[in-house]
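Novice: Below you'll find upload18.cif; it's mmCIF, C-alpha atoms and all ligand atoms.
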```
data_work
loop_
_atom_site.label_atom_id
_atom_site.label_comp_id
_atom_site.auth_asym_id
_atom_site.auth_seq_id
_atom_site.Cartn_x
_atom_site.Cartn_y
_atom_site.Cartn_z
CA MET U 10 7.23 -2.10 21.22
CA ILE U 11 4.43 0.21 20.10
CA PHE U 12 5.31 3.91 20.04
CA LEU U 13 2.35 6.19 20.72
CA LYS U 14 2.48 9.51 18.88
CA THR U 15 1.63 12.98 20.16
CA ASP U 16 -0.76 15.22 18.17
CA GLU U 17 2.28 17.17 16.90
CA GLU U 18 3.93 13.98 15.71
CA ILE U 19 0.72 12.92 13.98
CA GLU U 20 0.72 16.22 12.06
CA LEU U 21 4.29 15.51 10.90
CA LEU U 22 3.21 12.02 9.87
CA ARG U 23 0.35 13.62 7.94
CA GLN U 24 2.81 15.81 6.01
CA ALA U 25 4.94 12.82 5.04
CA ASN U 26 1.86 10.84 4.03
CA LEU U 27 0.28 13.67 2.02
CA LEU U 28 3.53 13.87 0.08
CA VAL U 29 3.12 10.18 -0.73
CA GLY U 30 -0.40 10.91 -1.98
CA ARG U 31 0.89 13.72 -4.20
CA THR U 32 3.71 11.52 -5.49
CA LEU U 33 1.25 8.76 -6.40
CA ALA U 34 -0.76 11.39 -8.32
CA GLU U 35 2.35 12.32 -10.34
CA VAL U 36 2.73 8.64 -11.15
CA ALA U 37 -0.97 8.37 -12.03
CA LYS U 38 -0.55 11.08 -14.69
CA LEU U 39 2.02 8.92 -16.52
CA ILE U 40 0.41 5.49 -16.34
CA GLU U 41 -0.53 4.32 -19.84
CA PRO U 42 0.49 1.52 -22.18
CA GLY U 43 4.16 1.87 -23.16
CA VAL U 44 5.46 3.59 -20.03
CA THR U 45 7.99 1.63 -17.98
CA THR U 46 7.96 1.29 -14.23
CA ARG U 47 11.51 2.66 -14.20
CA GLN U 48 10.18 5.88 -15.74
CA LEU U 49 7.55 6.06 -13.00
CA ASP U 50 10.24 5.47 -10.39
CA THR U 51 12.46 8.26 -11.73
CA VAL U 52 9.62 10.79 -11.67
CA ALA U 53 8.59 9.74 -8.17
CA GLU U 54 12.11 10.00 -6.76
CA GLU U 55 12.58 13.48 -8.24
CA PHE U 56 9.22 14.64 -6.93
CA ILE U 57 9.95 13.34 -3.43
CA ARG U 58 13.41 14.93 -3.29
CA ASP U 59 12.12 18.23 -4.76
CA HIS U 60 9.82 18.39 -1.75
CA GLY U 61 12.66 18.04 0.74
CA ALA U 62 11.99 14.40 1.52
CA VAL U 63 13.78 11.10 0.96
CA PRO U 64 12.29 7.97 -0.66
CA THR U 65 12.29 5.48 2.23
CA PHE U 66 12.26 2.42 -0.01
CA LYS U 67 15.51 3.24 -1.77
CA GLY U 68 18.29 1.22 -0.16
CA PHE U 69 15.88 -0.52 2.21
CA PRO U 70 17.68 -3.61 3.53
CA ASN U 71 16.58 -7.03 2.32
CA PHE U 72 14.62 -9.17 4.79
CA GLU U 73 17.27 -11.85 4.18
CA PRO U 74 20.72 -10.72 5.34
CA GLY U 75 23.26 -10.67 2.51
CA LEU U 76 20.73 -10.14 -0.28
CA PRO U 77 20.62 -6.81 -2.15
CA ALA U 78 18.87 -3.75 -0.74
CA PHE U 79 15.81 -2.42 -2.60
CA PRO U 80 17.04 -0.34 -5.57
CA GLY U 81 13.92 1.72 -6.36
CA SER U 82 11.97 4.57 -4.82
CA LEU U 83 8.68 2.84 -5.62
CA CYS U 84 7.57 -0.75 -5.46
CA THR U 85 5.86 -1.42 -8.78
CA SER U 86 4.10 -4.78 -8.85
CA VAL U 87 2.46 -5.75 -12.14
CA ASN U 88 -0.49 -8.19 -12.55
CA GLU U 89 0.34 -11.38 -10.60
CA MET U 90 3.02 -9.63 -8.59
CA ILE U 91 1.60 -8.83 -5.17
CA VAL U 92 4.20 -6.50 -3.63
CA HIS U 93 7.85 -5.36 -3.69
CA GLY U 94 8.24 -5.25 -7.47
CA ILE U 95 11.52 -3.67 -8.56
CA PRO U 96 10.98 -0.96 -11.22
CA ASN U 97 12.28 -2.13 -14.61
CA ASP U 98 12.39 -1.36 -18.34
CA GLU U 99 9.45 -3.56 -19.35
CA PRO U 100 6.72 -1.33 -20.85
CA LEU U 101 3.29 -1.59 -19.24
CA LYS U 102 0.67 -3.07 -21.58
CA GLU U 103 -3.01 -2.36 -22.17
CA GLY U 104 -4.99 -4.43 -19.68
CA ASP U 105 -2.24 -4.62 -17.03
CA ILE U 106 -2.67 -3.55 -13.45
CA VAL U 107 0.20 -2.12 -11.43
CA SER U 108 0.38 -1.67 -7.69
CA VAL U 109 2.49 1.37 -6.87
CA ASP U 110 3.68 1.53 -3.28
CA CYS U 111 5.48 4.67 -2.16
CA GLY U 112 7.30 5.70 1.01
CA THR U 113 8.69 9.05 2.08
CA TYR U 114 10.80 10.25 4.97
CA LEU U 115 10.10 13.91 5.81
CA ASN U 116 11.00 15.87 8.94
CA GLY U 117 11.85 12.70 10.83
CA PHE U 118 8.67 10.76 10.01
CA CYS U 119 7.55 8.25 7.40
CA GLY U 120 4.73 8.16 4.90
CA ASP U 121 3.52 4.89 3.37
CA SER U 122 0.65 4.39 0.93
CA ALA U 123 -0.13 2.28 -2.14
CA TYR U 124 -2.63 2.29 -5.00
CA THR U 125 -3.28 -0.26 -7.74
CA PHE U 126 -3.76 1.35 -11.15
CA CYS U 127 -5.33 0.12 -14.39
CA VAL U 128 -3.28 0.45 -17.58
CA GLY U 129 -5.74 1.40 -20.33
CA GLU U 130 -8.80 -0.85 -20.48
CA VAL U 131 -8.77 -3.61 -17.88
CA SER U 132 -11.14 -6.59 -17.79
CA LYS U 133 -14.27 -6.28 -15.68
CA GLU U 134 -13.15 -9.24 -13.58
CA VAL U 135 -9.90 -7.53 -12.60
CA ARG U 136 -11.54 -4.15 -12.02
CA GLU U 137 -13.85 -5.94 -9.59
CA LEU U 138 -10.82 -7.30 -7.70
CA LEU U 139 -9.50 -3.74 -7.37
CA ARG U 140 -12.86 -2.39 -6.23
CA VAL U 141 -13.29 -5.05 -3.55
CA THR U 142 -9.70 -4.65 -2.30
CA LYS U 143 -10.12 -0.90 -1.93
CA GLU U 144 -13.47 -1.41 -0.18
CA ALA U 145 -11.78 -3.86 2.19
CA LEU U 146 -9.14 -1.24 3.01
CA TYR U 147 -11.83 1.25 4.05
CA LEU U 148 -13.71 -1.42 6.03
CA GLY U 149 -10.46 -2.13 7.88
CA ILE U 150 -9.96 1.58 8.50
CA GLU U 151 -13.47 1.79 10.04
CA GLN U 152 -12.21 -0.57 12.75
CA ALA U 153 -9.17 1.59 13.60
CA VAL U 154 -10.75 3.20 16.65
CA VAL U 155 -9.75 3.27 20.30
CA GLY U 156 -10.83 0.17 22.19
CA LYS U 157 -10.97 -2.12 19.17
CA ARG U 158 -8.20 -4.60 18.47
CA VAL U 159 -5.86 -5.35 15.59
CA GLY U 160 -7.86 -8.53 14.92
CA ASP U 161 -10.99 -6.46 14.26
CA ILE U 162 -9.20 -4.75 11.36
CA GLY U 163 -7.96 -8.02 9.90
CA ASN U 164 -11.32 -9.66 10.34
CA ALA U 165 -13.13 -6.88 8.47
CA VAL U 166 -10.69 -7.10 5.55
CA GLN U 167 -10.71 -10.89 5.44
CA GLN U 168 -14.48 -11.32 5.65
CA HIS U 169 -15.11 -8.85 2.85
CA CYS U 170 -12.59 -10.37 0.46
CA GLU U 171 -13.14 -14.04 1.16
CA ARG U 172 -16.90 -13.56 0.77
CA GLN U 173 -16.17 -12.60 -2.87
CA GLY U 174 -14.02 -15.70 -3.30
CA TYR U 175 -10.70 -13.84 -3.21
CA GLY U 176 -7.52 -14.88 -1.40
CA VAL U 177 -6.00 -12.90 1.49
CA VAL U 178 -2.19 -12.92 1.59
CA ARG U 179 -0.89 -13.95 5.02
CA GLU U 180 2.88 -13.57 4.67
CA PHE U 181 2.84 -9.75 4.59
CA THR U 182 0.93 -7.40 6.84
CA GLY U 183 0.27 -3.78 7.64
CA HIS U 184 2.35 -2.25 10.43
CA GLY U 185 2.91 0.66 12.75
CA VAL U 186 4.33 3.81 11.09
CA GLY U 187 6.41 6.49 12.76
CA ARG U 188 10.05 7.47 12.74
CA GLU U 189 10.56 4.03 11.20
CA MET U 190 8.61 2.77 8.19
CA HIS U 191 7.85 -0.53 9.88
CA GLU U 192 7.01 -0.37 13.57
CA ASP U 193 4.93 -2.55 15.84
CA PRO U 194 2.26 -3.76 15.79
CA ALA U 195 1.91 -5.99 12.73
CA VAL U 196 -1.55 -5.47 11.22
CA PRO U 197 -2.56 -8.67 9.40
CA ASN U 198 -5.32 -8.69 6.80
CA TYR U 199 -6.93 -11.64 8.53
CA GLY U 200 -7.86 -12.32 12.10
CA ARG U 201 -10.51 -12.88 14.70
CA ARG U 202 -12.67 -10.19 16.19
CA GLY U 203 -11.56 -9.12 19.64
CA ASN U 204 -8.06 -10.61 19.19
CA GLY U 205 -4.65 -8.96 19.05
CA ALA U 206 -3.19 -5.72 20.36
CA LYS U 207 -5.65 -3.16 21.69
CA LEU U 208 -5.89 0.04 19.64
CA LYS U 209 -4.98 3.17 21.58
CA LYS U 210 -4.98 6.90 20.98
CA GLY U 211 -1.63 7.86 19.46
CA MET U 212 -1.22 4.66 17.44
CA VAL U 213 -0.45 5.20 13.75
CA ILE U 214 -0.73 2.16 11.50
CA ALA U 215 -0.58 1.27 7.83
CA ILE U 216 -3.47 -0.93 6.71
CA GLU U 217 -2.70 -2.64 3.41
CA PRO U 218 -4.83 -5.48 2.07
CA MET U 219 -3.00 -7.68 -0.47
CA ILE U 220 -5.76 -9.62 -2.19
CA THR U 221 -5.55 -12.30 -4.86
CA MET U 222 -7.96 -13.37 -7.58
CA GLY U 223 -7.10 -17.04 -7.05
CA ARG U 224 -5.03 -18.84 -4.45
CA ARG U 225 -3.51 -16.79 -1.64
CA ASP U 226 -0.17 -18.64 -1.75
CA ILE U 227 2.91 -16.67 -2.76
CA VAL U 228 6.17 -17.28 -4.55
CA TRP U 229 9.36 -15.20 -4.48
CA GLU U 230 10.81 -13.91 -7.72
CA ASN U 231 14.49 -14.53 -8.50
CA ASP U 232 15.39 -10.86 -7.88
CA SER U 233 15.03 -11.54 -4.11
CA TRP U 234 12.33 -8.85 -3.75
CA GLY U 235 9.26 -9.41 -5.92
CA VAL U 236 6.48 -11.56 -4.47
CA SER U 237 3.87 -13.06 -6.80
CA THR U 238 0.83 -15.29 -6.63
CA ILE U 239 1.74 -18.95 -6.98
CA ASP U 240 -1.01 -19.49 -9.59
CA ARG U 241 0.05 -16.33 -11.49
CA LYS U 242 -3.43 -14.85 -11.19
CA PRO U 243 -3.70 -11.09 -10.55
CA ALA U 244 -3.35 -9.48 -7.13
CA ALA U 245 -4.36 -6.05 -5.83
CA HIS U 246 -2.88 -3.87 -3.08
CA PHE U 247 -4.17 -0.64 -1.54
CA GLU U 248 -2.66 1.01 1.52
CA HIS U 249 -3.37 3.96 3.78
CA THR U 250 -1.54 5.15 6.88
CA VAL U 251 -4.07 6.10 9.56
CA ALA U 252 -4.07 7.44 13.11
CA VAL U 253 -6.35 5.47 15.43
CA GLY U 254 -9.26 7.78 16.36
CA LEU U 255 -11.63 8.04 19.30
CA THR U 256 -14.71 7.51 17.14
CA LYS U 257 -13.23 7.45 13.62
CA ALA U 258 -9.76 6.83 12.21
CA ASP U 259 -7.88 9.83 10.85
CA ILE U 260 -6.56 8.88 7.39
CA LEU U 261 -3.15 10.57 7.10
CA SER U 262 -2.39 9.53 3.52
CA SER U 263 -4.79 10.41 0.71
CA PHE U 264 -6.08 9.02 -2.58
CA ASP U 265 -7.75 12.36 -3.40
CA PHE U 266 -4.84 13.59 -5.52
CA VAL U 267 -4.65 10.29 -7.41
CA GLU U 268 -8.37 10.05 -8.00
CA GLU U 269 -8.56 13.63 -9.28
CA VAL U 270 -5.90 12.74 -11.87
CA LEU U 271 -7.77 9.56 -12.83
CA ARG U 272 -11.05 11.49 -13.24
CA ASN U 273 -9.34 14.07 -15.45
CA LYS U 274 -7.81 11.33 -17.58
CA GLN U 275 -11.26 9.84 -18.23
CA LYS U 276 -12.60 13.14 -19.63
MG MG I 1 3.61 0.63 1.47
MG MG I 2 3.29 -0.52 4.38
#
```
Please render this file's structure as structure tokens.
Specialist:
Amino acid sequence: MIFLKTDEEIELLRQANLLVGRTLAEVAKLIEPGVTTRQLDTVAEEFIRDHGAVPTFKGFPNFEPGLPAFPGSLCTSVNEMIVHGIPNDEPLKEGDIVSVDCGTYLNGFCGDSAYTFCVGEVSKEVRELLRVTKEALYLGIEQAVVGKRVGDIGNAVQQHCERQGYGVVREFTGHGVGREMHEDPAVPNYGRRGNGAKLKKGMVIAIEPMITMGRRDIVWENDSWGVSTIDRKPAAHFEHTVAVGLTKADILSSFDFVEEVLRNKQK
């Protein structure tokens, strides 16, 4: 069932999502060779709680009943890991990429957004994968307007990435966002134009392309959470939560805070 949100609820969703954007910026400040993803996770959890919110990922139940809940506040997925990486004590290395996915629960509503970061100097080939994945996210967002369909979003993402020879992960999708982190509808990163649920005013969805350099097939890690590319080639992941708009989607999360930090680091 798809829950449509009032304008007031959308403002609350914006607050939760802006907090995710600010948390990702705190993480961005620390990303360099030698830092561990556990250190990033600790800083993120503190920042979220200091702002009166709760990290939604922490304790999130496993998709498979009986398997452990997610232990971290962030999903940190390095190189060939696509999503759901558990933060650990392995230092990040020069040339790595790390997808950082963050969720908050604030005033009854959820925020959900992800950014893939470079650790030091990253090869041109991998930077290109990140650029195209982020472009695909914004092309998907362009389709998030009233009267279009979920398939229009997926089609825009898929066309853009496959044209560059990249793989589009099928097993995980974007989703509705509201009082729950994962609501209906599912928002796949592939699809046919004019197919799927119709987009209506009041719908809030997370769009999150998961794009691979090589094959799109996945493999589960032994920790019951991490998901990696089967060929161990790198994958990228960018995510925004957006409200479907009449003429233009309203992006509730933000990369502005992150990108300001990244610009300052380059100086
Ligand atoms: Mg997410
Ligand atoms: Mg999501």
Novice: I'd like the interatomic distance between CA of Phe266 (chain U) and CA of Leu28 (chain U), to a tenth of an Å.
Specialist: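 Interatomic distance, CA of Phe266 (chain U) to CA of Leu28 (chain U): 10.1 Å.
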Novice: Nearest to Val128 (chain U) among U:Thr238, U:Ser262, U:Thr15, U:Ser108, with distances taken over only C-alpha atoms: which residue is it?
Specialist: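 The answer is U:Ser108, which sits nearest to Val128 (chain U).
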Novice: So which residues fall inside 10 Å of (-9.9, 6.8, 4.1) if we count all atoms listed in the file? Mind giving them as a PyMOL selection string?
Specialist: chain U and resi 143-144+146-151+248-251+258-265
Novice: Any chance you could export the current selection's C-alpha atoms as a PDB file, in the coordinates of the input?
Specialist:
```pdb
ATOM      1  CA  LYS U 143     -10.120  -0.900  -1.930  1.00  0.00           C
ATOM      2  CA  GLU U 144     -13.470  -1.410  -0.180  1.00  0.00           C
ATOM      3  CA  LEU U 146      -9.140  -1.240   3.010  1.00  0.00           C
ATOM      4  CA  TYR U 147     -11.830   1.250   4.050  1.00  0.00           C
ATOM      5  CA  LEU U 148     -13.710  -1.420   6.030  1.00  0.00           C
ATOM      6  CA  GLY U 149     -10.460  -2.130   7.880  1.00  0.00           C
ATOM      7  CA  ILE U 150      -9.960   1.580   8.500  1.00  0.00           C
ATOM      8  CA  GLU U 151     -13.470   1.790  10.040  1.00  0.00           C
ATOM      9  CA  GLU U 248      -2.660   1.010   1.520  1.00  0.00           C
ATOM     10  CA  HIS U 249      -3.370   3.960   3.780  1.00  0.00           C
ATOM     11  CA  THR U 250      -1.540   5.150   6.880  1.00  0.00           C
ATOM     12  CA  VAL U 251      -4.070   6.100   9.560  1.00  0.00           C
ATOM     13  CA  ALA U 258      -9.760   6.830  12.210  1.00  0.00           C
ATOM     14  CA  ASP U 259      -7.880   9.830  10.850  1.00  0.00           C
ATOM     15  CA  ILE U 260      -6.560   8.880   7.390  1.00  0.00           C
ATOM     16  CA  LEU U 261      -3.150  10.570   7.100  1.00  0.00           C
ATOM     17  CA  SER U 262      -2.390   9.530   3.520  1.00  0.00           C
ATOM     18  CA  SER U 263      -4.790  10.410   0.710  1.00  0.00           C
ATOM     19  CA  PHE U 264      -6.080   9.020  -2.580  1.00  0.00           C
ATOM     20  CA  ASP U 265      -7.750  12.360  -3.400  1.00  0.00           C
TER      21      ASP U 265
END
```
Novice: Select from chain U every residue with an atom at most 12 Å from any atom of ligand MG 1 (chain I), then for each give the shortest pair of atoms and their distance in Å to one decimal, using all atoms listed in the file, rows by chain and rising number, as a tab-separated table.
Specialist:
```
residue	atom	partner	partner_atom	distance
U:Asn26	CA	I:MG1	MG	10.7
U:Val29	CA	I:MG1	MG	9.8
U:Gly30	CA	I:MG1	MG	11.6
U:Leu33	CA	I:MG1	MG	11.6
U:Pro64	CA	I:MG1	MG	11.6
U:Thr65	CA	I:MG1	MG	10.0
U:Phe66	CA	I:MG1	MG	9.0
U:Ser82	CA	I:MG1	MG	11.2
U:Leu83	CA	I:MG1	MG	9.0
U:Cys84	CA	I:MG1	MG	8.1
U:Thr85	CA	I:MG1	MG	10.7
U:Ser86	CA	I:MG1	MG	11.7
U:Ile91	CA	I:MG1	MG	11.7
U:Val92	CA	I:MG1	MG	8.8
U:His93	CA	I:MG1	MG	9.0
U:Gly94	CA	I:MG1	MG	11.7
U:Ser108	CA	I:MG1	MG	10.0
U:Val109	CA	I:MG1	MG	8.4
U:Asp110	CA	I:MG1	MG	4.8
U:Cys111	CA	I:MG1	MG	5.7
U:Gly112	CA	I:MG1	MG	6.3
U:Thr113	CA	I:MG1	MG	9.9
U:Cys119	CA	I:MG1	MG	10.4
U:Gly120	CA	I:MG1	MG	8.3
U:Asp121	CA	I:MG1	MG	4.7
U:Ser122	CA	I:MG1	MG	4.8
U:Ala123	CA	I:MG1	MG	5.5
U:Tyr124	CA	I:MG1	MG	9.1
U:Thr125	CA	I:MG1	MG	11.5
U:Phe181	CA	I:MG1	MG	10.9
U:Thr182	CA	I:MG1	MG	10.0
U:Gly183	CA	I:MG1	MG	8.3
U:His184	CA	I:MG1	MG	9.5
U:Gly185	CA	I:MG1	MG	11.3
U:Val186	CA	I:MG1	MG	10.2
U:Met190	CA	I:MG1	MG	8.6
U:His191	CA	I:MG1	MG	9.5
U:Ile214	CA	I:MG1	MG	11.0
U:Ala215	CA	I:MG1	MG	7.6
U:Ile216	CA	I:MG1	MG	8.9
U:Glu217	CA	I:MG1	MG	7.4
U:Pro218	CA	I:MG1	MG	10.4
U:Met219	CA	I:MG1	MG	10.8
U:His246	CA	I:MG1	MG	9.1
U:Phe247	CA	I:MG1	MG	8.4
U:Glu248	CA	I:MG1	MG	6.3
U:His249	CA	I:MG1	MG	8.1
U:Thr250	CA	I:MG1	MG	8.7
U:Ser262	CA	I:MG1	MG	10.9
```
Novice: Find the residues near Val141 (chain U): any atom within 8 Å, counting only C-alpha atoms, skip ones fewer than 4 places away on the same chain, and give them as a list in words.
Specialist: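 So, after excluding close chain neighbours, the residues are Glu137, Ala145, His169 and Cys170 of chain U.
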Novice: Given the selection you just returned, output its residues as a file containing C-alpha atoms, formatted as a PDB file, keeping the file's coordinate frame.
Specialist:
```pdb
ATOM      1  CA  GLU U 137     -13.850  -5.940  -9.590  1.00  0.00           C
ATOM      2  CA  ALA U 145     -11.780  -3.860   2.190  1.00  0.00           C
ATOM      3  CA  HIS U 169     -15.110  -8.850   2.850  1.00  0.00           C
ATOM      4  CA  CYS U 170     -12.590 -10.370   0.460  1.00  0.00           C
TER       5      CYS U 170
END
```
Novice: Can you pull out the residues contacting Lys38 (chain U)? Cut-off 12 Å, using only C-alpha atoms, and skip same-chain residues under 6 positions away; I want them as a PyMOL selection string.
Specialist: chain U and resi 31-32+44+48-49+52-53+126-128+266-275
Novice: Could you check how far CA of Val36 (chain U) sits from CA of Thr142 (chain U), in Å to one decimal?
Specialist: 20.2 Å
Novice: Which residue is closest to ligand MG 2 (chain I)? Choose from U:Met10, U:Val159, U:Ile106, U:Val196 and count only C-alpha atoms and all ligand atoms.
Specialist: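 Among the listed residues, the smallest separation from ligand MG 2 (chain I) belongs to U:Val196.
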Novice: Can you spit out region 77-101 of chain U with N, CA and C atoms, as a compact mmCIF listing (two decimals), in the first residue's frame, from the structure just given?
Specialist:
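That gives us part_14.txt:
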```txt
# COMPACT_ATOMS: atom_id res chain seq x y z
N PRO U 77 21.30 -12.23 11.94
CA PRO U 77 21.49 -11.06 12.81
C PRO U 77 20.98 -9.76 12.20
N ALA U 78 20.49 -8.88 13.08
CA ALA U 78 20.08 -7.54 12.67
C ALA U 78 21.32 -6.74 12.25
N PHE U 79 21.11 -5.61 11.56
CA PHE U 79 22.24 -4.81 11.10
C PHE U 79 22.87 -4.10 12.31
N PRO U 80 24.21 -4.23 12.50
CA PRO U 80 24.81 -3.69 13.71
C PRO U 80 25.22 -2.21 13.63
N GLY U 81 25.31 -1.65 12.43
CA GLY U 81 25.87 -0.30 12.28
C GLY U 81 24.81 0.76 12.11
N SER U 82 25.26 2.02 12.14
CA SER U 82 24.39 3.16 11.85
C SER U 82 24.51 3.56 10.39
N LEU U 83 25.59 3.15 9.76
CA LEU U 83 25.81 3.39 8.32
C LEU U 83 25.97 2.05 7.64
N CYS U 84 25.64 1.99 6.36
CA CYS U 84 26.12 0.91 5.52
C CYS U 84 27.35 1.46 4.79
N THR U 85 28.47 0.77 4.94
CA THR U 85 29.71 1.22 4.30
C THR U 85 30.18 0.10 3.38
N SER U 86 30.09 0.32 2.09
CA SER U 86 30.33 -0.73 1.11
C SER U 86 31.51 -0.33 0.25
N VAL U 87 32.61 -1.08 0.39
CA VAL U 87 33.90 -0.71 -0.21
C VAL U 87 34.11 -1.45 -1.54
N ASN U 88 34.52 -0.71 -2.56
CA ASN U 88 34.93 -1.25 -3.87
C ASN U 88 33.88 -2.16 -4.49
N GLU U 89 34.11 -3.49 -4.48
CA GLU U 89 33.17 -4.40 -5.16
C GLU U 89 31.90 -4.64 -4.36
N MET U 90 31.88 -4.15 -3.11
CA MET U 90 30.65 -4.31 -2.34
C MET U 90 29.64 -3.27 -2.85
N ILE U 91 28.42 -3.74 -3.08
CA ILE U 91 27.41 -2.87 -3.70
C ILE U 91 26.65 -2.11 -2.62
N VAL U 92 26.11 -2.85 -1.67
CA VAL U 92 25.32 -2.24 -0.58
C VAL U 92 25.43 -3.08 0.70
N HIS U 93 24.96 -2.49 1.80
CA HIS U 93 24.74 -3.17 3.08
C HIS U 93 26.03 -3.64 3.75
N GLY U 94 27.14 -2.95 3.45
CA GLY U 94 28.40 -3.29 4.11
C GLY U 94 28.35 -2.94 5.59
N ILE U 95 28.79 -3.88 6.42
CA ILE U 95 28.85 -3.65 7.86
C ILE U 95 30.16 -2.90 8.17
N PRO U 96 30.09 -1.78 8.90
CA PRO U 96 31.32 -1.06 9.26
C PRO U 96 32.28 -1.99 10.01
N ASN U 97 33.60 -1.86 9.70
CA ASN U 97 34.58 -2.76 10.32
C ASN U 97 35.90 -2.02 10.58
N ASP U 98 36.89 -2.77 11.02
CA ASP U 98 38.17 -2.16 11.44
C ASP U 98 39.24 -2.17 10.36
N GLU U 99 38.85 -2.50 9.15
CA GLU U 99 39.79 -2.51 8.02
C GLU U 99 40.01 -1.05 7.55
N PRO U 100 41.26 -0.57 7.58
CA PRO U 100 41.47 0.82 7.12
C PRO U 100 41.19 0.97 5.63
N LEU U 101 40.59 2.08 5.25
CA LEU U 101 40.41 2.39 3.83
C LEU U 101 41.77 2.68 3.22
```
